[in-house]
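Read the structure below first, then the notes.
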Amino acid sequence: MEPVPFLVEVSAEDIRRERRKARELRATEWWKRKRASGVCHHCGQKFLPKALTMDHLIPIIRGGKSSKGNLVPACKKCNADRKYRLPFEDPAQ
C-alpha cells in the first residue's frame with residue numbers, strides 16, 4: 001500500500017507509543033464502561049460491547065493521541081471504513 005501524505009509527520013516511534021497506550025487503555029475500567037452501552041459512535045447501531053473496537057477520532061497516523069478524549073467505541077465496519085480519515089472527512093457524517 002502506498003503511503004498517504006498528511007500534513008502532520010508522525011514517526012514510527014510515535015505510532016508504536018500511541019498504539020501501546022491504546023492497548024493499555026483497552027484493559028481499563030474506563031474503556032469497559034465506555035463500550036458498555038454497546039452503541040457504535042459513528043453509525044449509532046447497537047452491538048454486543050465486546051464486538052466494539054477502539055477507534056481514534058483523530059487517527060494516530062494523522063497526529064492523534066491515545067487519550068480518553070480521542071477514543072470512541074466503534075463497530076468493526078465503521079472503524080474499517082474510516083481508515084485514516086478525520087470525522088469531518090467521513091462521507092456518511
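Following the order of the C-alpha cells, chains are lettered A, B, ..., residues in each are numbered from 1, and ligands are numbered from 1.
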Non-local contacts of Lys21 in chain A (12 Å; only C-alpha atoms; under 2 positions in same chain excluded) as a list in words = Asp14, Ile15, Arg16, Arg17, Glu18, Arg19, Arg23, Glu24, Leu25, Arg26, Ala27, Thr28, Met54, His56, Ile60, Gly64, Lys65, Ser66, Ser67, Lys68 and Leu71 of chain A
Would you save the residues from that selection as a PDB file, in the first residue's frame, using N, CA and C atoms?
ATOM      1  N   ASP A  14       6.505   7.268  17.419  1.00  0.00           N
ATOM      2  CA  ASP A  14       5.268   7.874  17.924  1.00  0.00           C
ATOM      3  C   ASP A  14       4.094   6.924  17.734  1.00  0.00           C
ATOM      4  N   ILE A  15       4.020   6.278  16.584  1.00  0.00           N
ATOM      5  CA  ILE A  15       2.935   5.332  16.288  1.00  0.00           C
ATOM      6  C   ILE A  15       2.986   4.169  17.264  1.00  0.00           C
ATOM      7  N   ARG A  16       4.178   3.609  17.479  1.00  0.00           N
ATOM      8  CA  ARG A  16       4.318   2.489  18.426  1.00  0.00           C
ATOM      9  C   ARG A  16       3.890   2.909  19.834  1.00  0.00           C
ATOM     10  N   ARG A  17       4.309   4.099  20.256  1.00  0.00           N
ATOM     11  CA  ARG A  17       3.971   4.578  21.604  1.00  0.00           C
ATOM     12  C   ARG A  17       2.458   4.747  21.767  1.00  0.00           C
ATOM     13  N   GLU A  18       1.808   5.347  20.797  1.00  0.00           N
ATOM     14  CA  GLU A  18       0.365   5.572  20.886  1.00  0.00           C
ATOM     15  C   GLU A  18      -0.413   4.263  20.819  1.00  0.00           C
ATOM     16  N   ARG A  19       0.024   3.329  20.015  1.00  0.00           N
ATOM     17  CA  ARG A  19      -0.641   2.016  19.961  1.00  0.00           C
ATOM     18  C   ARG A  19      -0.491   1.281  21.286  1.00  0.00           C
ATOM     19  N   ARG A  23      -3.511   0.017  23.776  1.00  0.00           N
ATOM     20  CA  ARG A  23      -3.634  -1.344  24.324  1.00  0.00           C
ATOM     21  C   ARG A  23      -3.813  -1.293  25.844  1.00  0.00           C
ATOM     22  N   GLU A  24      -3.062  -0.410  26.494  1.00  0.00           N
ATOM     23  CA  GLU A  24      -3.182  -0.278  27.950  1.00  0.00           C
ATOM     24  C   GLU A  24      -4.563   0.245  28.335  1.00  0.00           C
ATOM     25  N   LEU A  25      -5.080   1.221  27.603  1.00  0.00           N
ATOM     26  CA  LEU A  25      -6.402   1.770  27.912  1.00  0.00           C
ATOM     27  C   LEU A  25      -7.523   0.755  27.687  1.00  0.00           C
ATOM     28  N   ARG A  26      -7.348  -0.161  26.729  1.00  0.00           N
ATOM     29  CA  ARG A  26      -8.376  -1.183  26.479  1.00  0.00           C
ATOM     30  C   ARG A  26      -8.600  -2.073  27.694  1.00  0.00           C
ATOM     31  N   ALA A  27      -7.609  -2.187  28.554  1.00  0.00           N
ATOM     32  CA  ALA A  27      -7.723  -3.052  29.733  1.00  0.00           C
ATOM     33  C   ALA A  27      -8.317  -2.316  30.943  1.00  0.00           C
ATOM     34  N   THR A  28      -8.617  -1.034  30.810  1.00  0.00           N
ATOM     35  CA  THR A  28      -9.077  -0.255  31.965  1.00  0.00           C
ATOM     36  C   THR A  28     -10.598  -0.315  32.132  1.00  0.00           C
ATOM     37  N   MET A  54     -11.927  -0.117  19.497  1.00  0.00           N
ATOM     38  CA  MET A  54     -11.490   1.210  19.925  1.00  0.00           C
ATOM     39  C   MET A  54     -11.080   1.989  18.677  1.00  0.00           C
ATOM     40  N   HIS A  56      -9.803   5.761  17.094  1.00  0.00           N
ATOM     41  CA  HIS A  56      -9.238   7.088  17.333  1.00  0.00           C
ATOM     42  C   HIS A  56      -9.965   8.071  16.436  1.00  0.00           C
ATOM     43  N   ILE A  60      -3.980   7.986  14.711  1.00  0.00           N
ATOM     44  CA  ILE A  60      -2.594   8.115  15.152  1.00  0.00           C
ATOM     45  C   ILE A  60      -1.713   8.605  14.001  1.00  0.00           C
ATOM     46  N   GLY A  64      -3.050  11.990  15.927  1.00  0.00           N
ATOM     47  CA  GLY A  64      -3.932  11.761  17.064  1.00  0.00           C
ATOM     48  C   GLY A  64      -3.233  11.010  18.182  1.00  0.00           C
ATOM     49  N   LYS A  65      -3.744  11.169  19.363  1.00  0.00           N
ATOM     50  CA  LYS A  65      -3.168  10.527  20.551  1.00  0.00           C
ATOM     51  C   LYS A  65      -4.133   9.479  21.096  1.00  0.00           C
ATOM     52  N   SER A  66      -3.580   8.556  21.845  1.00  0.00           N
ATOM     53  CA  SER A  66      -4.394   7.553  22.529  1.00  0.00           C
ATOM     54  C   SER A  66      -4.773   8.119  23.887  1.00  0.00           C
ATOM     55  N   SER A  67      -5.705   9.066  23.858  1.00  0.00           N
ATOM     56  CA  SER A  67      -6.179   9.706  25.079  1.00  0.00           C
ATOM     57  C   SER A  67      -7.689   9.530  25.159  1.00  0.00           C
ATOM     58  N   LYS A  68      -8.224   9.644  26.350  1.00  0.00           N
ATOM     59  CA  LYS A  68      -9.651   9.401  26.551  1.00  0.00           C
ATOM     60  C   LYS A  68     -10.527  10.294  25.690  1.00  0.00           C
ATOM     61  N   LEU A  71     -10.721   8.724  21.936  1.00  0.00           N
ATOM     62  CA  LEU A  71     -11.071   7.313  21.738  1.00  0.00           C
ATOM     63  C   LEU A  71     -12.567   7.091  21.894  1.00  0.00           C
TER      64      LEU A  71
END
What's the 12 Å shell around Val72 in chain A, counting only C-alpha atoms, without same-chain residues fewer than 6 positions away, as number ranges by chain?
-> A: 22, 25-26, 30-42, 44, 52-59, 66, 78-79, 87
Take CA of Phe47 in chain A and CA of Ile61 in chain A and report the distance between them in Å, one decimal.
->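 Distance reported for this atom pair: 27.1 Å.
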Give me every alpha helix (DSSP H) residue in range 2-89 of chain A, going by DSSP on the backbone, as a list in words.
->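 Of range 2-89 of chain A, the ones in alpha helix (DSSP H) are Ala12, Glu13, Asp14, Ile15, Arg16, Arg17, Glu18, Arg19, Arg20, Lys21, Ala22, Arg23, Glu24, Leu25, Arg26, Glu29, Trp30, Trp31, Lys32, Arg33, Lys34, Arg35, Lys76, Lys77, Cys78, Asn79, Ala80, Asp81 and Arg82 of chain A.
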Requested write-out: N, CA, C and O atoms of the selected residues, as a short mmCIF file (atom, residue, chain, number, x, y, z; two decimals), in the first residue's frame:
data_model
loop_
_atom_site.label_atom_id
_atom_site.label_comp_id
_atom_site.auth_asym_id
_atom_site.auth_seq_id
_atom_site.Cartn_x
_atom_site.Cartn_y
_atom_site.Cartn_z
N ALA A 12 7.62 6.57 13.31
CA ALA A 12 7.28 5.18 13.63
C ALA A 12 7.27 4.98 15.15
O ALA A 12 6.44 4.24 15.68
N GLU A 13 8.18 5.63 15.84
CA GLU A 13 8.23 5.53 17.31
C GLU A 13 6.98 6.13 17.94
O GLU A 13 6.43 5.56 18.88
N ASP A 14 6.50 7.27 17.42
CA ASP A 14 5.27 7.87 17.92
C ASP A 14 4.09 6.92 17.73
O ASP A 14 3.25 6.78 18.62
N ILE A 15 4.02 6.28 16.58
CA ILE A 15 2.93 5.33 16.29
C ILE A 15 2.99 4.17 17.26
O ILE A 15 1.97 3.79 17.84
N ARG A 16 4.18 3.61 17.48
CA ARG A 16 4.32 2.49 18.43
C ARG A 16 3.89 2.91 19.83
O ARG A 16 3.18 2.18 20.52
N ARG A 17 4.31 4.10 20.26
CA ARG A 17 3.97 4.58 21.60
C ARG A 17 2.46 4.75 21.77
O ARG A 17 1.87 4.30 22.76
N GLU A 18 1.81 5.35 20.80
CA GLU A 18 0.37 5.57 20.89
C GLU A 18 -0.41 4.26 20.82
O GLU A 18 -1.43 4.11 21.49
N ARG A 19 0.02 3.33 20.01
CA ARG A 19 -0.64 2.02 19.96
C ARG A 19 -0.49 1.28 21.29
O ARG A 19 -1.41 0.61 21.74
N ARG A 20 0.68 1.41 21.91
CA ARG A 20 0.91 0.79 23.22
C ARG A 20 -0.04 1.41 24.26
O ARG A 20 -0.66 0.70 25.05
N LYS A 21 -0.17 2.73 24.24
CA LYS A 21 -1.10 3.41 25.16
C LYS A 21 -2.53 2.92 24.95
O LYS A 21 -3.27 2.71 25.90
N ALA A 22 -2.92 2.76 23.68
CA ALA A 22 -4.28 2.29 23.38
C ALA A 22 -4.50 0.89 23.93
O ALA A 22 -5.55 0.60 24.50
N ARG A 23 -3.51 0.02 23.78
CA ARG A 23 -3.63 -1.34 24.32
C ARG A 23 -3.81 -1.29 25.84
O ARG A 23 -4.61 -2.03 26.41
N GLU A 24 -3.06 -0.41 26.49
CA GLU A 24 -3.18 -0.28 27.95
C GLU A 24 -4.56 0.25 28.33
O GLU A 24 -5.16 -0.23 29.30
N LEU A 25 -5.08 1.22 27.60
CA LEU A 25 -6.40 1.77 27.91
C LEU A 25 -7.52 0.75 27.69
O LEU A 25 -8.54 0.79 28.38
N ARG A 26 -7.35 -0.16 26.73
CA ARG A 26 -8.38 -1.18 26.48
C ARG A 26 -8.60 -2.07 27.69
O ARG A 26 -9.68 -2.64 27.86
N GLU A 29 -11.03 -0.01 33.35
CA GLU A 29 -12.46 0.08 33.64
C GLU A 29 -13.10 1.21 32.83
O GLU A 29 -14.25 1.12 32.44
N TRP A 30 -12.33 2.29 32.61
CA TRP A 30 -12.85 3.41 31.82
C TRP A 30 -13.32 2.91 30.45
O TRP A 30 -14.42 3.23 30.01
N TRP A 31 -12.49 2.11 29.78
CA TRP A 31 -12.86 1.64 28.44
C TRP A 31 -14.03 0.66 28.53
O TRP A 31 -14.95 0.69 27.70
N LYS A 32 -14.03 -0.20 29.53
CA LYS A 32 -15.13 -1.16 29.67
C LYS A 32 -16.46 -0.43 29.88
O LYS A 32 -17.48 -0.83 29.32
N ARG A 33 -16.45 0.65 30.66
CA ARG A 33 -17.67 1.45 30.83
C ARG A 33 -18.03 2.18 29.54
O ARG A 33 -19.20 2.29 29.19
N LYS A 34 -17.05 2.66 28.81
CA LYS A 34 -17.27 3.41 27.58
C LYS A 34 -18.00 2.56 26.53
O LYS A 34 -18.89 3.03 25.85
N ARG A 35 -17.60 1.30 26.41
CA ARG A 35 -18.22 0.46 25.39
C ARG A 35 -19.43 -0.33 25.91
O ARG A 35 -20.12 -1.00 25.14
N LYS A 76 -16.85 -2.75 13.93
CA LYS A 76 -15.71 -3.08 13.06
C LYS A 76 -15.88 -2.48 11.67
O LYS A 76 -14.92 -2.00 11.08
N LYS A 77 -17.10 -2.47 11.16
CA LYS A 77 -17.32 -1.93 9.82
C LYS A 77 -17.01 -0.44 9.77
O LYS A 77 -16.28 0.03 8.89
N CYS A 78 -17.54 0.32 10.71
CA CYS A 78 -17.29 1.78 10.73
C CYS A 78 -15.81 2.07 10.92
O CYS A 78 -15.25 2.94 10.26
N ASN A 79 -15.17 1.33 11.83
CA ASN A 79 -13.75 1.55 12.08
C ASN A 79 -12.94 1.28 10.83
O ASN A 79 -12.07 2.07 10.45
N ALA A 80 -13.24 0.20 10.14
CA ALA A 80 -12.51 -0.14 8.92
C ALA A 80 -12.82 0.83 7.79
O ALA A 80 -11.92 1.21 7.02
N ASP A 81 -14.07 1.27 7.68
CA ASP A 81 -14.45 2.19 6.61
C ASP A 81 -13.79 3.56 6.77
O ASP A 81 -13.48 4.23 5.79
N ARG A 82 -13.57 4.00 7.99
CA ARG A 82 -12.98 5.33 8.24
C ARG A 82 -11.51 5.38 7.87
O ARG A 82 -11.00 6.39 7.46
#
One decimal place gives the CA of Pro49 in chain A-CA of Arg62 in chain A separation as 26.9 Å
Could you please write out, as a PyMOL selection string, every residue of chain A that DSSP assigns to strand (DSSP E or B)?
-> chain A and resi 39+46+53-56+71-74
Generate the output file for the selected residues, all heavy atoms, as an mmCIF file, in the first residue's frame.
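The new file again-v7.cif reads:
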data_model
loop_
_atom_site.group_PDB
_atom_site.id
_atom_site.type_symbol
_atom_site.label_atom_id
_atom_site.label_comp_id
_atom_site.auth_asym_id
_atom_site.auth_seq_id
_atom_site.Cartn_x
_atom_site.Cartn_y
_atom_site.Cartn_z
ATOM 1 N N VAL A 39 -23.161 0.864 21.828
ATOM 2 C CA VAL A 39 -23.543 1.716 20.702
ATOM 3 C C VAL A 39 -22.294 2.187 19.964
ATOM 4 O O VAL A 39 -21.363 2.727 20.571
ATOM 5 C CB VAL A 39 -24.358 2.933 21.191
ATOM 6 C CG1 VAL A 39 -24.693 3.871 20.043
ATOM 7 C CG2 VAL A 39 -25.624 2.472 21.886
ATOM 8 N N LYS A 46 -26.643 -0.747 17.694
ATOM 9 C CA LYS A 46 -26.339 -1.493 18.911
ATOM 10 C C LYS A 46 -25.576 -2.760 18.568
ATOM 11 O O LYS A 46 -25.895 -3.449 17.591
ATOM 12 C CB LYS A 46 -27.626 -1.911 19.626
ATOM 13 C CG LYS A 46 -28.224 -0.876 20.529
ATOM 14 C CD LYS A 46 -27.461 -0.715 21.803
ATOM 15 C CE LYS A 46 -28.177 -1.332 22.985
ATOM 16 N NZ LYS A 46 -27.499 -1.059 24.224
ATOM 17 N N THR A 53 -14.896 -2.016 18.697
ATOM 18 C CA THR A 53 -13.459 -1.776 18.687
ATOM 19 C C THR A 53 -13.172 -0.372 19.186
ATOM 20 O O THR A 53 -14.065 0.465 19.273
ATOM 21 C CB THR A 53 -12.887 -1.924 17.260
ATOM 22 O OG1 THR A 53 -13.507 -0.943 16.421
ATOM 23 C CG2 THR A 53 -13.139 -3.318 16.704
ATOM 24 N N MET A 54 -11.927 -0.117 19.497
ATOM 25 C CA MET A 54 -11.490 1.210 19.925
ATOM 26 C C MET A 54 -11.080 1.989 18.677
ATOM 27 O O MET A 54 -10.217 1.556 17.930
ATOM 28 C CB MET A 54 -10.303 1.078 20.886
ATOM 29 C CG MET A 54 -9.789 2.394 21.404
ATOM 30 S SD MET A 54 -8.395 2.167 22.538
ATOM 31 C CE MET A 54 -9.254 1.825 24.066
ATOM 32 N N ASP A 55 -11.695 3.135 18.478
ATOM 33 C CA ASP A 55 -11.392 3.958 17.312
ATOM 34 C C ASP A 55 -10.844 5.307 17.765
ATOM 35 O O ASP A 55 -11.350 5.906 18.706
ATOM 36 C CB ASP A 55 -12.665 4.167 16.479
ATOM 37 C CG ASP A 55 -12.402 4.892 15.170
ATOM 38 O OD1 ASP A 55 -11.278 4.786 14.644
ATOM 39 O OD2 ASP A 55 -13.326 5.559 14.674
ATOM 40 N N HIS A 56 -9.803 5.761 17.094
ATOM 41 C CA HIS A 56 -9.238 7.088 17.333
ATOM 42 C C HIS A 56 -9.965 8.071 16.436
ATOM 43 O O HIS A 56 -9.960 7.915 15.215
ATOM 44 C CB HIS A 56 -7.745 7.103 16.996
ATOM 45 C CG HIS A 56 -6.895 6.332 17.941
ATOM 46 N ND1 HIS A 56 -6.824 4.955 17.922
ATOM 47 C CD2 HIS A 56 -6.085 6.749 18.946
ATOM 48 C CE1 HIS A 56 -5.994 4.559 18.872
ATOM 49 N NE2 HIS A 56 -5.534 5.626 19.512
ATOM 50 N N LEU A 71 -10.721 8.724 21.936
ATOM 51 C CA LEU A 71 -11.071 7.313 21.738
ATOM 52 C C LEU A 71 -12.567 7.091 21.894
ATOM 53 O O LEU A 71 -13.168 7.577 22.857
ATOM 54 C CB LEU A 71 -10.309 6.440 22.730
ATOM 55 C CG LEU A 71 -8.790 6.494 22.587
ATOM 56 C CD1 LEU A 71 -8.122 5.813 23.763
ATOM 57 C CD2 LEU A 71 -8.351 5.853 21.276
ATOM 58 N N VAL A 72 -13.141 6.360 20.944
ATOM 59 C CA VAL A 72 -14.573 6.062 20.989
ATOM 60 C C VAL A 72 -14.793 4.607 20.595
ATOM 61 O O VAL A 72 -13.998 4.026 19.862
ATOM 62 C CB VAL A 72 -15.381 6.978 20.035
ATOM 63 C CG1 VAL A 72 -15.317 8.426 20.483
ATOM 64 C CG2 VAL A 72 -14.927 6.828 18.604
ATOM 65 N N PRO A 73 -15.893 4.005 21.077
ATOM 66 C CA PRO A 73 -16.240 2.656 20.626
ATOM 67 C C PRO A 73 -16.851 2.722 19.232
ATOM 68 O O PRO A 73 -17.649 3.614 18.931
ATOM 69 C CB PRO A 73 -17.260 2.180 21.660
ATOM 70 C CG PRO A 73 -17.746 3.396 22.358
ATOM 71 C CD PRO A 73 -16.764 4.485 22.138
ATOM 72 N N ALA A 74 -16.451 1.801 18.379
ATOM 73 C CA ALA A 74 -16.973 1.752 17.011
ATOM 74 C C ALA A 74 -17.130 0.300 16.575
ATOM 75 O O ALA A 74 -16.350 -0.557 16.984
ATOM 76 C CB ALA A 74 -16.030 2.478 16.056
#
